[in-house]
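The next block is input.txt, given as compact mmCIF, C-alpha atoms.
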```
# COMPACT_ATOMS: atom_id res chain seq x y z
CA MET A 1 60.17 76.89 111.41
CA ALA A 2 63.20 77.10 113.70
CA ARG A 3 63.59 74.02 115.85
CA GLU A 4 63.88 74.10 119.62
CA GLY A 5 67.45 74.95 120.67
CA ASN A 6 68.24 77.28 117.78
CA LEU A 7 69.43 79.91 120.27
CA ASP A 8 72.46 77.76 121.05
CA ALA A 9 75.86 79.20 120.15
CA PRO A 10 76.86 78.69 116.50
CA THR A 11 78.79 75.49 115.90
CA ARG A 12 81.01 74.74 112.93
CA HIS A 13 81.08 71.43 111.07
CA ALA A 14 84.38 70.14 109.75
CA LEU A 15 84.99 70.97 106.09
CA ASP A 16 84.36 67.78 104.08
CA TRP A 17 86.89 68.77 101.43
CA LYS A 18 88.34 65.29 100.86
CA ASN A 19 84.94 63.88 99.84
CA PRO A 20 84.68 63.58 96.00
CA LEU A 21 81.09 64.90 96.26
CA PHE A 22 82.55 68.17 97.58
CA TYR A 23 83.73 68.90 94.01
CA ASP A 24 80.57 67.68 92.23
CA GLU A 25 79.25 70.74 90.40
CA GLU A 26 75.66 69.52 90.15
CA ASP A 27 75.51 68.79 93.87
CA LEU A 28 77.16 72.16 94.59
CA ASN A 29 74.53 74.00 92.53
CA LYS A 30 71.73 72.28 94.44
CA GLU A 31 73.21 73.45 97.74
CA LEU A 32 73.83 76.95 96.38
CA GLU A 33 70.20 77.18 95.30
CA ARG A 34 68.98 75.92 98.69
CA VAL A 35 71.10 78.39 100.65
CA PHE A 36 70.46 81.31 98.29
CA ASP A 37 66.72 80.71 98.67
CA ILE A 38 67.01 80.97 102.46
CA CYS A 39 69.15 84.13 102.17
CA HIS A 40 66.68 85.66 99.70
CA GLY A 41 63.86 85.17 102.20
CA CYS A 42 65.86 86.68 105.08
CA ARG A 43 68.13 89.44 103.69
CA ARG A 44 69.63 90.32 107.10
CA CYS A 45 73.17 90.31 105.66
CA ILE A 46 72.64 92.85 102.89
CA SER A 47 75.00 95.43 104.44
CA LEU A 48 77.94 93.09 105.10
CA CYS A 49 79.59 92.70 101.69
CA GLN A 50 78.82 92.76 97.97
CA SER A 51 77.83 89.07 97.79
CA PHE A 52 74.40 89.64 99.24
CA PRO A 53 73.35 92.71 97.18
CA THR A 54 74.54 90.82 94.11
CA LEU A 55 72.41 87.80 95.02
CA PHE A 56 69.32 89.84 95.79
CA ASP A 57 69.65 91.87 92.59
CA LEU A 58 69.90 88.65 90.57
CA VAL A 59 66.74 87.33 92.23
CA ASP A 60 64.79 90.58 91.93
CA GLU A 61 65.70 90.98 88.26
CA SER A 62 64.84 87.38 87.32
CA ALA A 63 61.58 86.44 85.57
CA SER A 64 60.21 84.59 88.61
CA MET A 65 61.70 86.98 91.20
CA GLU A 66 62.80 83.82 93.02
CA VAL A 67 66.11 81.94 93.13
CA ASP A 68 64.84 79.39 90.60
CA GLY A 69 64.77 82.21 88.05
CA VAL A 70 68.50 82.89 88.39
CA LYS A 71 70.80 81.21 85.87
CA LYS A 72 73.20 78.72 87.44
CA GLU A 73 76.14 80.37 85.66
CA ASP A 74 75.26 83.60 87.47
CA PHE A 75 75.75 81.96 90.88
CA TRP A 76 79.48 82.67 90.47
CA LYS A 77 78.75 86.40 90.51
CA VAL A 78 77.75 85.94 94.16
CA VAL A 79 80.67 83.67 95.02
CA GLU A 80 83.34 85.97 93.59
CA HIS A 81 82.45 88.77 96.04
CA CYS A 82 82.85 86.57 99.13
CA TYR A 83 86.23 86.93 100.84
CA LEU A 84 85.41 84.62 103.77
CA CYS A 85 85.23 87.35 106.42
CA ASP A 86 82.83 85.03 108.32
CA LEU A 87 80.74 87.92 109.65
CA CYS A 88 77.49 86.58 108.16
CA TYR A 89 78.01 83.26 109.96
CA MET A 90 79.15 84.67 113.29
CA THR A 91 77.12 87.87 113.66
CA LYS A 92 74.03 87.87 111.44
CA CYS A 93 72.68 84.52 110.26
CA PRO A 94 69.98 82.91 112.46
CA TYR A 95 70.12 79.63 110.51
CA VAL A 96 73.63 78.41 111.27
CA PRO A 97 74.14 75.06 113.02
CA PRO A 98 72.65 73.83 115.32
CA HIS A 99 69.62 75.19 113.42
CA GLU A 100 68.09 72.44 111.31
CA TRP A 101 68.67 74.44 108.09
CA ASN A 102 72.41 74.03 108.70
CA LEU A 103 73.46 77.14 106.76
CA ASP A 104 77.17 77.94 106.46
CA PHE A 105 77.40 80.61 103.76
CA PRO A 106 81.18 81.24 103.95
CA HIS A 107 82.12 77.58 103.69
CA LEU A 108 79.65 77.06 100.86
CA MET A 109 81.36 79.94 99.04
CA LEU A 110 84.69 78.25 99.82
CA ARG A 111 83.40 75.02 98.30
CA ALA A 112 82.34 76.89 95.16
CA LYS A 113 85.78 78.53 94.94
CA ALA A 114 87.41 75.10 95.31
CA VAL A 115 85.33 73.74 92.42
CA HIS A 116 86.22 76.82 90.36
CA PHE A 117 89.91 76.32 91.13
CA GLN A 118 89.84 72.59 90.34
CA LYS A 119 88.22 73.34 86.96
CA GLY A 120 91.21 75.56 86.12
CA GLU A 121 89.14 78.75 85.95
CA THR A 122 91.21 80.77 88.43
CA LYS A 123 93.07 83.75 86.96
CA LEU A 124 96.88 83.74 86.88
CA ARG A 125 96.80 87.17 88.57
CA ASP A 126 94.96 85.69 91.55
CA LYS A 127 97.39 82.78 91.82
CA VAL A 128 100.32 85.22 91.86
CA LEU A 129 98.75 87.65 94.34
CA THR A 130 98.09 84.82 96.78
CA SER A 131 101.63 83.42 96.47
CA THR A 132 102.79 85.68 99.27
CA ASP A 133 105.96 83.77 100.11
CA LEU A 134 107.15 83.88 96.51
CA VAL A 135 106.27 87.53 95.93
CA GLY A 136 107.65 88.63 99.31
CA SER A 137 110.94 86.76 99.03
CA PHE A 138 111.60 88.35 95.63
CA CYS A 139 110.32 91.89 96.25
CA GLY A 140 111.92 91.99 99.70
CA ILE A 141 115.45 91.58 98.33
CA PRO A 142 117.35 94.70 99.53
CA VAL A 143 118.27 95.85 96.02
CA ILE A 144 114.81 95.14 94.59
CA ALA A 145 112.51 96.44 97.37
CA PRO A 146 113.20 100.17 96.80
CA THR A 147 112.78 99.72 93.05
CA VAL A 148 109.43 97.92 93.43
CA ASN A 149 108.22 100.59 95.85
CA ALA A 150 109.24 103.40 93.50
CA VAL A 151 107.74 101.77 90.40
CA ASN A 152 104.43 101.19 92.21
CA LYS A 153 104.09 104.98 92.59
CA ILE A 154 104.45 105.75 88.89
CA GLY A 155 101.03 106.52 87.41
CA ALA A 156 101.82 105.21 83.93
CA VAL A 157 103.04 101.90 85.36
CA ARG A 158 99.95 101.57 87.55
CA LYS A 159 97.69 102.16 84.54
CA LEU A 160 99.59 99.45 82.67
CA LEU A 161 99.15 97.06 85.59
CA ASP A 162 95.45 97.91 85.58
CA SER A 163 94.89 97.21 81.89
CA VAL A 164 97.21 94.21 81.53
CA VAL A 165 97.27 92.49 84.92
CA GLY A 166 94.03 93.68 86.52
CA ILE A 167 95.47 95.51 89.53
CA HIS A 168 93.51 98.74 89.95
CA SER A 169 95.54 101.87 89.29
CA ASP A 170 94.03 103.73 92.27
CA ALA A 171 94.31 100.93 94.83
CA TRP A 172 96.68 101.14 97.78
CA LEU A 173 99.57 98.69 97.42
CA PRO A 174 101.81 97.74 100.34
CA GLU A 175 105.46 98.67 100.23
CA PHE A 176 108.21 96.09 100.70
CA ASP A 177 110.79 96.46 103.45
CA SER A 178 114.33 95.41 102.59
CA LYS A 179 114.93 94.38 106.21
CA SER A 180 112.47 91.67 107.20
CA LEU A 181 110.95 91.23 110.64
CA ARG A 182 112.69 87.87 110.95
CA SER A 183 116.09 89.52 110.40
CA ARG A 184 115.24 92.27 112.90
CA LEU A 185 114.29 89.76 115.59
CA ARG A 186 117.12 87.31 114.93
CA GLU A 187 118.73 87.95 118.31
CA LEU A 188 115.69 87.10 120.43
CA SER A 189 116.49 84.55 123.11
CA ALA A 190 114.61 81.26 123.21
CA ASP A 191 115.89 80.32 126.68
CA THR A 192 114.23 82.88 128.97
CA PRO A 193 111.64 81.36 131.34
CA GLY A 194 108.14 82.83 131.49
CA GLU A 195 105.76 83.26 134.40
CA ALA A 196 102.57 81.27 133.91
CA ALA A 197 99.25 82.96 134.67
CA GLY A 198 95.83 81.46 134.04
CA ARG A 199 95.86 79.73 130.66
CA THR A 200 99.07 81.47 129.56
CA THR A 201 102.58 80.08 129.97
CA GLY A 202 104.04 83.59 130.05
CA LYS A 203 106.32 83.15 127.06
CA VAL A 204 105.30 83.62 123.44
CA ALA A 205 106.53 82.48 120.03
CA LEU A 206 105.67 84.96 117.28
CA PHE A 207 104.51 83.75 113.88
CA ALA A 208 105.86 86.60 111.78
CA THR A 209 103.28 86.38 108.91
CA CYS A 210 104.06 87.25 105.30
CA TYR A 211 102.82 90.83 105.59
CA MET A 212 104.54 91.79 108.84
CA ASN A 213 107.72 90.03 107.82
CA ARG A 214 108.14 91.58 104.37
CA ASN A 215 105.93 94.68 104.27
CA GLU A 216 105.51 96.25 107.70
CA PRO A 217 107.89 94.86 110.34
CA GLY A 218 107.50 97.83 112.72
CA PRO A 219 104.45 96.49 114.64
CA GLY A 220 106.32 93.22 115.17
CA GLU A 221 109.09 95.10 116.95
CA ASP A 222 106.45 97.00 118.92
CA LEU A 223 104.87 93.71 120.03
CA VAL A 224 108.19 92.45 121.33
CA ALA A 225 108.75 95.70 123.25
CA VAL A 226 105.26 95.59 124.82
CA PHE A 227 105.43 91.92 125.74
CA GLU A 228 108.93 92.10 127.16
CA HIS A 229 107.97 95.22 129.17
CA ASN A 230 105.37 92.94 130.75
CA GLY A 231 107.90 90.22 131.53
CA ILE A 232 106.79 88.01 128.65
CA PRO A 233 109.77 86.60 126.73
CA VAL A 234 109.25 86.50 122.95
CA THR A 235 110.93 84.31 120.39
CA ILE A 236 110.20 83.95 116.70
CA ALA A 237 109.20 80.70 115.03
CA PRO A 238 112.45 79.24 113.63
CA LYS A 239 110.88 78.97 110.18
CA GLU A 240 107.49 79.51 108.61
CA SER A 241 105.53 79.56 105.38
CA CYS A 242 102.41 81.55 104.58
CA CYS A 243 99.61 80.49 106.95
CA GLY A 244 97.52 79.49 103.93
CA MET A 245 94.67 82.00 104.26
CA PRO A 246 95.25 83.62 100.81
CA LYS A 247 95.15 80.20 99.14
CA LEU A 248 92.08 79.23 101.18
CA GLU A 249 90.24 82.29 99.87
CA LEU A 250 91.22 81.21 96.37
CA GLY A 251 89.83 77.69 96.87
CA ASP A 252 93.29 76.17 96.42
CA LEU A 253 92.94 73.65 99.24
CA GLN A 254 95.95 71.54 98.27
CA SER A 255 98.20 74.58 98.73
CA VAL A 256 96.59 75.09 102.14
CA ARG A 257 97.56 71.52 102.96
CA PHE A 258 101.15 72.18 101.88
CA ALA A 259 101.26 75.27 104.12
CA LYS A 260 99.88 73.28 107.02
CA GLU A 261 102.54 70.58 106.54
CA ALA A 262 105.26 73.26 106.58
CA ASN A 263 104.03 75.20 109.63
CA ILE A 264 102.26 72.86 112.03
CA PRO A 265 105.24 70.61 112.95
CA VAL A 266 107.37 73.69 113.73
CA LEU A 267 104.66 75.34 115.83
CA ALA A 268 103.73 72.09 117.59
CA ARG A 269 107.35 71.65 118.73
CA LEU A 270 107.26 75.19 120.16
CA VAL A 271 104.09 74.33 122.08
CA ASP A 272 105.73 71.16 123.40
CA ALA A 273 108.62 73.33 124.61
CA GLY A 274 106.20 75.47 126.62
CA TRP A 275 105.61 78.40 124.25
CA ASP A 276 102.27 80.04 123.57
CA LEU A 277 101.74 81.28 120.00
CA THR A 278 100.61 84.58 118.49
CA ALA A 279 100.60 86.58 115.25
CA LEU A 280 99.83 90.20 114.43
CA VAL A 281 97.57 89.56 111.43
CA PRO A 282 94.07 88.45 112.51
CA SER A 283 93.59 86.34 109.37
CA CYS A 284 96.66 84.27 110.25
CA VAL A 285 95.47 83.80 113.83
CA LEU A 286 92.06 82.69 112.56
CA MET A 287 93.70 80.27 110.15
CA PHE A 288 95.36 78.40 113.00
CA LYS A 289 92.47 78.76 115.46
CA GLN A 290 89.61 77.85 113.11
CA GLU A 291 90.19 77.05 109.45
CA LEU A 292 93.00 74.47 109.73
CA PRO A 293 91.22 72.66 112.60
CA LEU A 294 88.07 72.50 110.44
CA MET A 295 90.06 71.10 107.51
CA PHE A 296 92.15 68.70 109.59
CA PRO A 297 90.02 67.90 112.68
CA ASP A 298 91.77 64.57 113.29
CA ASP A 299 95.33 65.91 113.29
CA PRO A 300 96.45 66.14 116.94
CA ASP A 301 99.21 68.65 116.18
CA VAL A 302 96.73 70.97 114.43
CA ILE A 303 94.52 70.86 117.53
CA LYS A 304 97.54 71.39 119.79
CA VAL A 305 98.52 74.50 117.84
CA LYS A 306 94.91 75.73 117.82
CA ASN A 307 94.72 75.55 121.60
CA ALA A 308 98.00 77.44 122.05
CA PHE A 309 97.32 80.23 119.53
CA TYR A 310 96.20 83.65 120.80
CA ASP A 311 95.37 87.04 119.38
CA PRO A 312 98.01 89.41 120.88
CA PHE A 313 95.44 91.50 122.75
CA GLU A 314 93.55 88.42 123.87
CA TYR A 315 96.83 87.31 125.43
CA LEU A 316 97.52 90.64 127.13
CA MET A 317 94.02 90.80 128.58
CA LEU A 318 94.24 87.22 129.86
CA ARG A 319 97.39 88.32 131.69
CA HIS A 320 95.59 91.43 132.94
CA LYS A 321 92.83 89.25 134.38
CA GLU A 322 95.49 87.50 136.48
CA GLY A 323 97.06 90.81 137.58
CA LYS A 324 100.10 90.34 135.35
CA LEU A 325 99.72 93.26 132.93
CA LYS A 326 101.63 96.42 133.80
CA THR A 327 99.57 99.61 133.74
CA ASP A 328 102.51 101.98 134.18
CA PHE A 329 101.57 103.95 131.06
CA LYS A 330 103.54 107.15 130.64
CA SER A 331 100.92 108.98 128.58
CA GLY A 332 97.43 108.79 127.17
CA LEU A 333 96.50 108.92 123.50
CA GLY A 334 93.51 111.26 123.41
CA LYS A 335 90.85 110.18 120.93
CA VAL A 336 91.41 106.85 119.16
CA SER A 337 89.30 105.49 116.30
CA TYR A 338 89.83 101.75 116.40
CA HIS A 339 88.63 99.54 113.55
CA ALA A 340 87.97 95.98 114.72
CA ALA A 341 89.10 93.61 111.96
CA CYS A 342 86.54 91.03 110.80
CA HIS A 343 88.85 88.07 111.31
CA GLN A 344 89.44 89.16 114.88
CA ARG A 345 85.75 89.77 115.61
CA VAL A 346 84.82 86.21 114.61
CA GLN A 347 87.30 84.58 117.01
CA ASN A 348 84.80 84.68 119.91
CA ILE A 349 87.20 86.50 122.20
CA GLY A 350 85.37 89.81 122.61
CA PRO A 351 86.79 93.30 121.90
CA LYS A 352 90.13 92.69 123.59
CA THR A 353 92.02 95.39 121.68
CA LYS A 354 89.47 98.00 122.74
CA GLU A 355 89.63 96.74 126.34
CA CYS A 356 93.41 97.06 126.33
CA LEU A 357 93.40 100.53 124.78
CA SER A 358 90.75 101.59 127.32
CA LEU A 359 93.23 100.92 130.13
CA LEU A 360 95.28 103.92 128.99
CA PRO A 361 94.83 107.18 130.90
CA ASN A 362 93.25 110.14 129.10
CA THR A 363 92.24 107.95 126.19
CA GLU A 364 88.82 107.73 124.53
CA VAL A 365 88.33 104.75 122.23
CA ASP A 366 85.68 104.68 119.49
CA ILE A 367 85.37 101.11 118.20
CA ILE A 368 84.17 100.67 114.60
CA GLU A 369 82.73 97.21 113.97
CA ARG A 370 82.27 97.24 110.21
CA CYS A 371 84.23 95.53 107.46
CA SER A 372 86.83 97.70 105.71
CA GLY A 373 86.41 95.79 102.45
CA HIS A 374 90.13 95.24 101.88
CA ASP A 375 90.71 91.51 102.41
CA GLY A 376 94.34 91.49 101.32
CA THR A 377 93.66 91.17 97.57
CA TYR A 378 89.97 92.05 96.97
CA ALA A 379 90.52 95.81 97.14
CA VAL A 380 93.44 95.82 94.68
CA LYS A 381 91.70 93.91 91.88
CA THR A 382 90.37 96.03 89.04
CA GLU A 383 86.92 94.44 89.00
CA TYR A 384 86.38 94.71 92.78
CA HIS A 385 88.12 97.92 93.81
CA GLU A 386 85.04 100.13 93.48
CA PHE A 387 83.10 97.75 95.73
CA ALA A 388 85.91 97.77 98.32
CA MET A 389 85.80 101.58 98.32
CA LYS A 390 82.03 101.45 98.78
CA ILE A 391 82.31 99.04 101.71
CA VAL A 392 84.90 101.19 103.51
CA LYS A 393 82.83 104.39 103.28
CA PRO A 394 80.92 103.93 106.57
CA VAL A 395 84.21 103.24 108.37
CA VAL A 396 85.79 106.39 106.96
CA LYS A 397 82.69 108.38 107.89
CA ARG A 398 83.02 107.27 111.52
CA VAL A 399 86.72 108.11 111.63
CA ASN A 400 86.14 111.52 110.09
CA GLU A 401 83.29 112.29 112.49
CA ASN A 402 85.46 111.35 115.46
CA GLN A 403 88.44 113.46 114.32
CA PRO A 404 90.80 111.22 116.29
CA ASP A 405 94.37 111.79 117.38
CA HIS A 406 95.12 108.24 116.27
CA TYR A 407 93.35 105.60 114.18
CA GLY A 408 94.10 102.12 112.96
CA SER A 409 93.11 98.47 112.89
CA ASP A 410 94.35 95.09 114.09
CA CYS A 411 94.58 94.33 110.37
CA ALA A 412 97.32 96.66 109.16
CA MET A 413 96.13 96.36 105.56
CA ALA A 414 92.62 97.43 106.60
CA GLY A 415 94.17 100.41 108.37
CA HIS A 416 95.97 101.47 105.20
CA HIS A 417 92.82 100.97 103.14
CA ILE A 418 90.97 103.29 105.51
CA ALA A 419 93.77 105.86 105.24
CA HIS A 420 93.73 105.53 101.45
CA ALA A 421 89.98 106.19 101.40
CA ARG A 422 90.36 109.17 103.76
CA ALA A 423 92.94 110.66 101.38
CA ASP A 424 93.92 113.41 103.82
CA GLY A 425 97.60 112.57 104.26
CA THR A 426 97.17 110.94 107.68
CA SER A 427 98.56 107.50 108.46
CA PRO A 428 97.10 104.60 110.44
CA GLU A 429 98.85 103.15 113.48
CA HIS A 430 98.60 99.56 114.59
CA PRO A 431 97.06 99.22 118.10
CA ILE A 432 100.20 97.46 119.40
CA THR A 433 102.19 100.51 118.27
CA LEU A 434 99.84 102.74 120.24
CA ILE A 435 100.29 100.61 123.37
CA ARG A 436 104.05 100.86 123.01
CA LYS A 437 103.78 104.65 122.70
CA ALA A 438 101.69 104.78 125.87
CA TYR A 439 104.24 102.70 127.76
CA GLY A 440 107.08 104.86 126.44
CA VAL A 441 109.33 101.85 125.82
```

Is it possible to express this structure as structure tokens?
Amino acid sequence: MAREGNLDAPTRHALDWKNPLFYDEEDLNKELERVFDICHGCRRCISLCQSFPTLFDLVDESASMEVDGVKKEDFWKVVEHCYLCDLCYMTKCPYVPPHEWNLDFPHLMLRAKAVHFQKGETKLRDKVLTSTDLVGSFCGIPVIAPTVNAVNKIGAVRKLLDSVVGIHSDAWLPEFDSKSLRSRLRELSADTPGEAAGRTTGKVALFATCYMNRNEPGPGEDLVAVFEHNGIPVTIAPKESCCGMPKLELGDLQSVRFAKEANIPVLARLVDAGWDLTALVPSCVLMFKQELPLMFPDDPDVIKVKNAFYDPFEYLMLRHKEGKLKTDFKSGLGKVSYHAACHQRVQNIGPKTKECLSLLPNTEVDIIERCSGHDGTYAVKTEYHEFAMKIVKPVVKRVNENQPDHYGSDCAMAGHHIAHARADGTSPEHPITLIRKAYGV
């Protein structure tokens, strides 16, 4: 029975990843069985991702038709489909803390992944795919980028990658840009004062992110144009490593620690100098706002960075609340299908991108609050691609029904996955790109 007070807002416990018991497989299996039994009795999350249908099928097909009838070695079949979107915790589960059952499904899956990684059972492919700094720095070399992009479009090569490496031949793969976002924004001034408003200092340091830096720098330039049009000076973090989210999803927590040690001192110094922080990839924002603080709750610089980090549209709407956002839009956009990325939805900030797009004249925004199923690497892996395409179907259906003039997502990779599933030759546009178009700057 739910205890009194279970209607309180969900609270997150720190991740006890330094405790040796965290990696004890017997103790892990006991907790997996406990949580799976609760999920089996509830089943509210069945439509979120493939983890839950997999779990319920295992239970229903077991001799006892209960969790105790499922083989412990089959628990991994549930874990492998979780990509830590956090939607079950933040939008569906009634048993999260402060409920007495204390259920945190995503972080239990993370614990299982960490045990899997420590046992040396993680595939080399997955280690390479999540080494975004290494892959990006090599494939982004001006001479190499065009070659990689061309080779990735050759059917015979893609079939070879599928059979040998395990990268699905039909999956969308991001292209590499030979001119990085960091090189494009090299001339940004770090000396311009900002005008404070509410919680914002009025000047922003951009964390470029691996994807925007090496694969799709355009939205980064659009962000600078939009912010500077609103009198918000933008600089770029003087150096950065991957935020650590890909390694977190792999269960490689030591690599997350290394990423934290590379990034946090740099970002903390920017905060001390009066800069607010932002990034264009929701997963990166969530890493600094939630996951690193839960892994390192006693690190004052981690907490300092957390408190200064904003989603770009959260920031713009905070400025709008104080009367500091320009609404001198030159044109409307017509019908917009906007996919709200999971890692933005779970930040507890509300639909700020939709609110910002709704300020535009002659613009109708249809918000789609369902997972796209991409997750950076999940959709490209041979064994998961078909599930990613299944998960994105309802999103594509909504876009197709709306017949929009523009569509896209805060997560650029999700936007491309949607376009790939539509297969009609249209291209997604990042919401910050749409705002820049409306401003005409």

Centre and edge lengths of an axis-aligned box around all listed atoms of range 65-68 of chain A, with 8 Å added on each side, are to be given in Å to one decimal, as AutoDock Vina command-line options.
```
--center_x 63.9 --center_y 83.2 --center_z 91.9 --size_x 20.4 --size_y 23.6 --size_z 18.5
```

Check: From the list A:Met212, A:Leu28, A:Met90, A:Ala423, which residue is nearest Cys45 in chain A when using all atoms listed in the file?
Finding: A:Met90

Notebook entry, point to check: Which residues, protein or nucleic acid, reach to within 12 Å of (73.7, 88.2, 93.6) in the file's coordinates when using all atoms listed in the file, and can you give that as a PyMOL selection string?
Noted result: chain A and resi 32-33+36-37+39-40+43+46+49-62+66-67+70-82

Check: Can you list, as a PyMOL selection string, every protein, DNA or RNA residue that comes within 12 Å of range 399-406 of chain A when you count only C-alpha atoms, leaving out same-chain residues fewer than 3 positions away?
Finding: chain A and resi 332-339+357+362-370+372+392-396+409+415+418-419+421-424+426-431+433-435+437

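Closest to Arg12 in chain A among A:Val157, A:Val96, A:Leu280, A:Ile432 is A:Val96, based on only C-alpha atoms.
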
Item checked: Distance of CA of His385 in chain A from CA of Val128 in chain A, expressed in Å to one decimal place -> 17.7 Å

Closest atom pairs, residues of range 248-362 of chain A within 10 Å of range 115-124 of chain A, all atoms listed in the file, as a tab-separated table:
```
residue	atom	partner	partner_atom	distance
A:Leu250	CA	A:Phe117	CA	7.3
A:Gly251	CA	A:Phe117	CA	5.9
A:Asp252	CA	A:Phe117	CA	6.3
A:Leu253	CA	A:Phe117	CA	9.1
```

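Distance annotation: of A:Gly194, A:Gly136, A:Gly166, A:Gly274, the residue with the minimal separation from Tyr211 in chain A is A:Gly136; atom set is only C-alpha atoms.
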
Item checked: Residue nearest Lys113 in chain A - candidates A:Phe387, A:Tyr407, A:Tyr83, A:Tyr378, atoms counted: all atoms listed in the file -> A:Tyr83

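With only C-alpha atoms as the atoms that count, the residue of A:Ile167, A:Ala379, A:Met109, A:Val266 with the shortest distance to Glu31 in chain A is A:Met109.
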